[in-house]
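A short worksheet on the structure shown next.
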Amino acid sequence: MTDNPPAGSAHHPGTASLRPEPPGRVPAVPGAGPSTPPVPDTGAGRAGASGRAGLTVRTALVAVVGTVAALLGIGVRARFGAHVAVDEPQYLLTALSIFEDFDLDITDELDDGRWMPWAGTEALPVQTEVLPGGTQISPHDPLLPILLAVPMGLGGWIAAKAVMALMAGALAALTLWTAVRRFAVPAGLATVGVILASAAAPLAVYGQQVYPELPAALATLAAVAVLTGPAFAGATPPAGRPPATVPAMATVPAMAPAPATVPDAEPVPDAEPVPGTAGAAAGPAASLSGLAGRVVGPGPRAVAVFGLMVTALPWLSVKYAPVAAALALLGLWRLRAARRPLLGLAAGFAVMGAVYLGIHRLVWGGWTVYASGDHFQESGEFGVMGFDPDYAGRAVRLVGLMVDRGYGLAAWQPAWLLLLPAAGFALLRLRPRGAALLRPRPRGAVLLLPLAAGWLTATFVALTMHGYWWPGRQIVVVLPLAVLLILVLLAGRPGWPRWAGLGLGVAGLVDYAWLLADGYARRITWVSGFDQVGSPLHRLLGNLLPDYRLGWNGFWPLHLAWVLASVLLIAYGTPYLLKGGADADDPVRGRGDGDGGHPAPLR
């Protein structure tokens with residue numbers, strides 16, 4: 001698979017946008033014949049190699065930072081008197097059962113008190129209902145215990161948490177790679193931004209908590225990385241237009257370009273192939289769409305990886321089904337012109353959905369794992385969403401998930417506030433941008449739609465945002481996409497926004513360091529008492545944030561203030577494009593967004 005060079009390289013110094021850059025040049029045209037003159041070596045190949053090496057080093061750096069930040073959290077107890085708590089013992093007991101008994105039945109683990117060395121000597125809260133046959137199966141989806149079975153069986157709870165920390169490092173590395181290769185964010189900016197996100201709450205905390213949040217975030221990001229890559233790009237020709245083609249024998253000398261000609265499109269200086277087409281795979285001067293001018297569809301490997309990542313989400317937890325559905329729709333939309341991959345992916349999703357429901361009916365006795373939960377025997381499995389939900393009241397979470405004094409993202413990492421103008425920046429990029437086929441096309445939908453699905457699920461479906469867990473749990477699954485949106489915004493806007501983001505991000509690092517210090521001193525735990533952390537920065541910001549646990553009379557003034565501030569911040573992100581920012585971001589007109597000049601998904 002051909003990938004894009006890091007932004008800031010010889011091709012595009014300092015540029016970034018919501019569309020990835022095209023691949024670098026090669027010195028000659030494959031298959032062009034003996035009459036094709038070679039392309040002069042201008043040093044771009046050497047610059048590209050240097051950029052790739054630099055990106056590898058940066059990727060390793062952020063992976064180490066993400067892993068270490070998570071590992072440091074293992075020393076802080078989950079609750080006073082226990083290293084793991086709440087739902088964590090359920091996942092670990094299931095992992096132990098898989099390793100030792102090759103099944104999901106945790107009856108013997110519960111009877112033998114296998115949790116006592118790491119979850120305390122008190123009896124665990126009852127979560128399981130005794131099923132016909134006498135089995136007890138935890139009401140949690142099984143993919144995380146499957147992933148942790150071997151480390152839990154061989155090394156116990158510490159090894160299981162260490163594997164979680166390795167996943168946190170992998171998430172940081174993939175976030176950086178995706179930002180640079182897929183969204184053309186300058187590597188230096190992406191490195192700093194990913195470190196600030198990965199070494200602070202909530203990503204660093206859930207990097208060692210035994211919950212499916214971190215693996216789900218990794219699966220979501222991997223799906224987006226594949227979806228925005230060259231393998232999917234050649235599958236979506238514009239409605240009513242033939243695919244853009246360049247003669248197979250065409251050459252693109254560095255000093256005398258031979259631009260592609262497309263109806264209604266302006267000449268493209270220094271034209272290069274678009275990722276995801278035959279030209280990208282063969283080299284910059286090869287045909288954009290094959291010898292016959294047909295659009296080249298995605299390879300089966302990319303489609304399979306994308307389908308696997310989407311399918312993994314509900315197996316980690318059924319609450320991720322809306323995010324999985326949003327990603328699936330985006331993938332199917334991008335394949336709408338490639339009939340065979342489209343039908344294959346759609347059939348795969350249908351089969352996997354049927355398998356998921358069938359196995360849950362067979363093992364858990366319902367459509368979801370909650371059918372085996374003791375708490376839902378009277379209400380039914382869908383009581384997990386609430387017995388008498390007040391959806392109008394839950395709407396305050398649209399803002400509260402960001403700014404709640406104790407459970408909001410910004411309370412522990414203020415840099416998450418930049419997501420608001422970043423969302424505005426991406427929202428405007430969903431609109432059509434003119435008739436020219438090679439005009440820049442946005443791919444904001446591929447980030448915004450899954451992010452919105454996750455945010456709305458946490459707002460209206462989740463029972464509460466004030467649970468017995470670390471804040472932000474319900475939206476960790478889509479936070480890597482939020483990081484990408486923020487980086488894209490900052491990449492195009494040097495100056496004070498970057499300095500503001502740096503200052504806010506460092507404040508989040510200070511808060512996390514203070515949490516670790518207070519946790520080691522046994523003054524706080526990850527699920528109780530954390531709001532009493534001694535960080536002066538957290539306390540100062542807390543005075544400006546509403547506490548939604550106080551009821552309407554206690555939070556409404558600050559809530560309304562933050563509703564207004566949120567609207568203004570989102571609106572603040574949108575005027576940039578009205579000033580021509582999209583074209584200004586791309587010094588070479590017509591490079592597009594990696595779609596081969598095709599429309600952006602769901603624009």
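Residue names in the structure tokens use chain letters A, B, ... in the order shown, residue numbers from 1 in each chain, and ligand numbers from 1 in the order shown.
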Long-range neighbours of A:Gly307 as an MDAnalysis selection string, 8 Å cut-off, only C-alpha atoms, 6 positions minimum in chain:
chainID A and resid 223 328 345 348:349
Which residue gives the smallest distance to A:Asp531 among A:Ala217, A:Ala173, A:Ala162, A:Ala411, with only C-alpha atoms counted?
A:Ala411
Nearby residues (only C-alpha atoms) at most 6 Å from A:Val477, same-chain spacing under 2 positions excluded, as number ranges by chain
A: 213, 216-217, 475, 479
Using the selection just defined, write its residues with all heavy atoms as a PDB file, in the first residue's frame.
ATOM      1  N   GLU A 213     -12.459   0.140  26.671  1.00  0.00           N
ATOM      2  CA  GLU A 213     -12.394   1.474  26.059  1.00  0.00           C
ATOM      3  C   GLU A 213     -11.161   1.657  25.179  1.00  0.00           C
ATOM      4  O   GLU A 213     -11.248   2.130  24.034  1.00  0.00           O
ATOM      5  CB  GLU A 213     -12.443   2.541  27.150  1.00  0.00           C
ATOM      6  CG  GLU A 213     -13.830   3.013  27.523  1.00  0.00           C
ATOM      7  CD  GLU A 213     -14.717   1.921  28.080  1.00  0.00           C
ATOM      8  OE1 GLU A 213     -14.211   1.023  28.779  1.00  0.00           O
ATOM      9  OE2 GLU A 213     -15.941   1.961  27.819  1.00  0.00           O
ATOM     10  N   ALA A 216     -11.123  -0.521  22.051  1.00  0.00           N
ATOM     11  CA  ALA A 216     -12.138  -0.027  21.118  1.00  0.00           C
ATOM     12  C   ALA A 216     -11.640   1.213  20.394  1.00  0.00           C
ATOM     13  O   ALA A 216     -11.877   1.389  19.188  1.00  0.00           O
ATOM     14  CB  ALA A 216     -13.441   0.263  21.858  1.00  0.00           C
ATOM     15  N   ALA A 217     -10.956   2.104  21.107  1.00  0.00           N
ATOM     16  CA  ALA A 217     -10.385   3.289  20.464  1.00  0.00           C
ATOM     17  C   ALA A 217      -9.357   2.883  19.410  1.00  0.00           C
ATOM     18  O   ALA A 217      -9.280   3.483  18.328  1.00  0.00           O
ATOM     19  CB  ALA A 217      -9.750   4.193  21.520  1.00  0.00           C
ATOM     20  N   ILE A 475     -16.701   7.908  26.085  1.00  0.00           N
ATOM     21  CA  ILE A 475     -16.300   8.524  24.813  1.00  0.00           C
ATOM     22  C   ILE A 475     -14.839   8.270  24.457  1.00  0.00           C
ATOM     23  O   ILE A 475     -14.362   8.785  23.437  1.00  0.00           O
ATOM     24  CB  ILE A 475     -16.578  10.043  24.816  1.00  0.00           C
ATOM     25  CG1 ILE A 475     -16.042  10.689  26.080  1.00  0.00           C
ATOM     26  CG2 ILE A 475     -18.056  10.316  24.663  1.00  0.00           C
ATOM     27  CD1 ILE A 475     -16.276  12.180  26.134  1.00  0.00           C
ATOM     28  N   LEU A 479     -12.065   9.223  21.026  1.00  0.00           N
ATOM     29  CA  LEU A 479     -11.134  10.319  21.307  1.00  0.00           C
ATOM     30  C   LEU A 479      -9.955  10.402  20.337  1.00  0.00           C
ATOM     31  O   LEU A 479      -9.477  11.506  20.060  1.00  0.00           O
ATOM     32  CB  LEU A 479     -10.634  10.222  22.749  1.00  0.00           C
ATOM     33  CG  LEU A 479     -11.635  10.644  23.833  1.00  0.00           C
ATOM     34  CD1 LEU A 479     -10.963  10.664  25.195  1.00  0.00           C
ATOM     35  CD2 LEU A 479     -12.249  12.008  23.520  1.00  0.00           C
TER      36      LEU A 479
END
Compare A:Ala426, A:Ile524, A:Ala371, A:Leu110 by their minimum atom-to-atom distance to A:Leu93, counting only C-alpha atoms, and give me the closest one.
A:Leu110
Closest atom pairs, stretch 139-190 of chain A residues within 10 Å of stretch 113-129 of chain A, only C-alpha atoms, as CSV:
residue,atom,partner,partner_atom,distance
A:Pro139,CA,A:Thr128,CA,6.6
A:His140,CA,A:Gln127,CA,9.8
A:Gly156,CA,A:Trp118,CA,9.1
A:Trp157,CA,A:Trp118,CA,7.2
A:Ile158,CA,A:Trp118,CA,9.3
Taking the DSSP secondary structure from the backbone, can you list the residues of stretch 153-229 of chain A that are alpha helix (DSSP H), as a ChimeraX atom specification?
/A:153-183,187-198,203-206,213-227
Residue selection dump (C-alpha atoms) as a compact mmCIF listing (two decimals), in the first residue's frame:
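Heads up, here's the output in result.txt:
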# COMPACT_ATOMS: atom_id res chain seq x y z
CA GLY A 153 -3.09 -16.76 33.01
CA LEU A 154 0.69 -16.46 32.94
CA GLY A 155 1.37 -13.24 34.83
CA GLY A 156 -1.78 -12.28 36.69
CA TRP A 157 -3.43 -8.88 36.89
CA ILE A 158 -0.18 -6.92 36.52
CA ALA A 159 0.62 -8.65 33.23
CA ALA A 160 -2.92 -8.02 32.02
CA LYS A 161 -2.61 -4.32 32.81
CA ALA A 162 0.82 -4.21 31.17
CA VAL A 163 -0.74 -5.52 27.96
CA MET A 164 -3.34 -2.77 28.23
CA ALA A 165 -0.49 -0.26 28.51
CA LEU A 166 1.10 -1.69 25.36
CA MET A 167 -2.21 -1.11 23.59
CA ALA A 168 -2.07 2.51 24.79
CA GLY A 169 1.37 2.84 23.20
CA ALA A 170 0.09 1.30 19.99
CA LEU A 171 -2.82 3.74 19.98
CA ALA A 172 -0.45 6.69 20.34
CA ALA A 173 1.76 5.41 17.53
CA LEU A 174 -1.16 4.82 15.17
CA THR A 175 -2.62 8.24 15.97
CA LEU A 176 0.64 9.93 14.98
CA TRP A 177 1.01 7.83 11.84
CA THR A 178 -2.56 8.51 10.76
CA ALA A 179 -2.25 12.24 11.41
CA VAL A 180 0.90 12.51 9.27
CA ARG A 181 0.21 9.97 6.52
CA ARG A 182 -3.51 10.34 6.13
CA PHE A 183 -4.20 13.96 7.08
CA ALA A 187 5.20 15.50 11.98
CA GLY A 188 6.53 17.81 14.70
CA LEU A 189 3.10 19.21 15.54
CA ALA A 190 1.56 15.74 15.46
CA THR A 191 4.22 14.40 17.82
CA VAL A 192 3.63 17.08 20.42
CA GLY A 193 -0.14 16.80 20.14
CA VAL A 194 -0.20 13.03 20.46
CA ILE A 195 2.10 13.13 23.49
CA LEU A 196 -0.11 15.70 25.22
CA ALA A 197 -3.17 13.53 24.61
CA SER A 198 -1.60 10.15 25.40
CA LEU A 203 -6.27 8.02 27.61
CA ALA A 204 -3.41 7.42 30.05
CA VAL A 205 -5.82 6.25 32.76
CA TYR A 206 -7.71 3.83 30.53
CA GLU A 213 -12.39 1.47 26.06
CA LEU A 214 -8.76 1.55 24.95
CA PRO A 215 -8.94 -1.47 22.60
CA ALA A 216 -12.14 -0.03 21.12
CA ALA A 217 -10.39 3.29 20.46
CA LEU A 218 -7.57 1.37 18.75
CA ALA A 219 -10.03 -0.53 16.54
CA THR A 220 -11.87 2.67 15.63
CA LEU A 221 -8.68 4.47 14.68
CA ALA A 222 -7.42 1.50 12.67
CA ALA A 223 -10.68 1.43 10.72
CA VAL A 224 -10.33 5.14 9.93
CA ALA A 225 -6.68 4.71 8.92
CA VAL A 226 -7.67 2.02 6.42
CA LEU A 227 -10.74 3.90 5.22
Gap from atom CA of A:Leu544 to atom CA of A:Ala395 - Å, one decimal
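So the answer is 20.4 Å.
Shell of A:Thr135 at 8 Å, with only C-alpha atoms counted and residues fewer than 2 places along the chain excluded, is Asp105, Ile106, Thr107, Val130, Leu131, Pro132, Gly133 and Ile137 of chain A.
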Which residue, A:Leu144, A:Leu485, A:Ala200, A:Val533, has the smallest gap to A:Gly505 when you use only C-alpha atoms?
A:Ala200
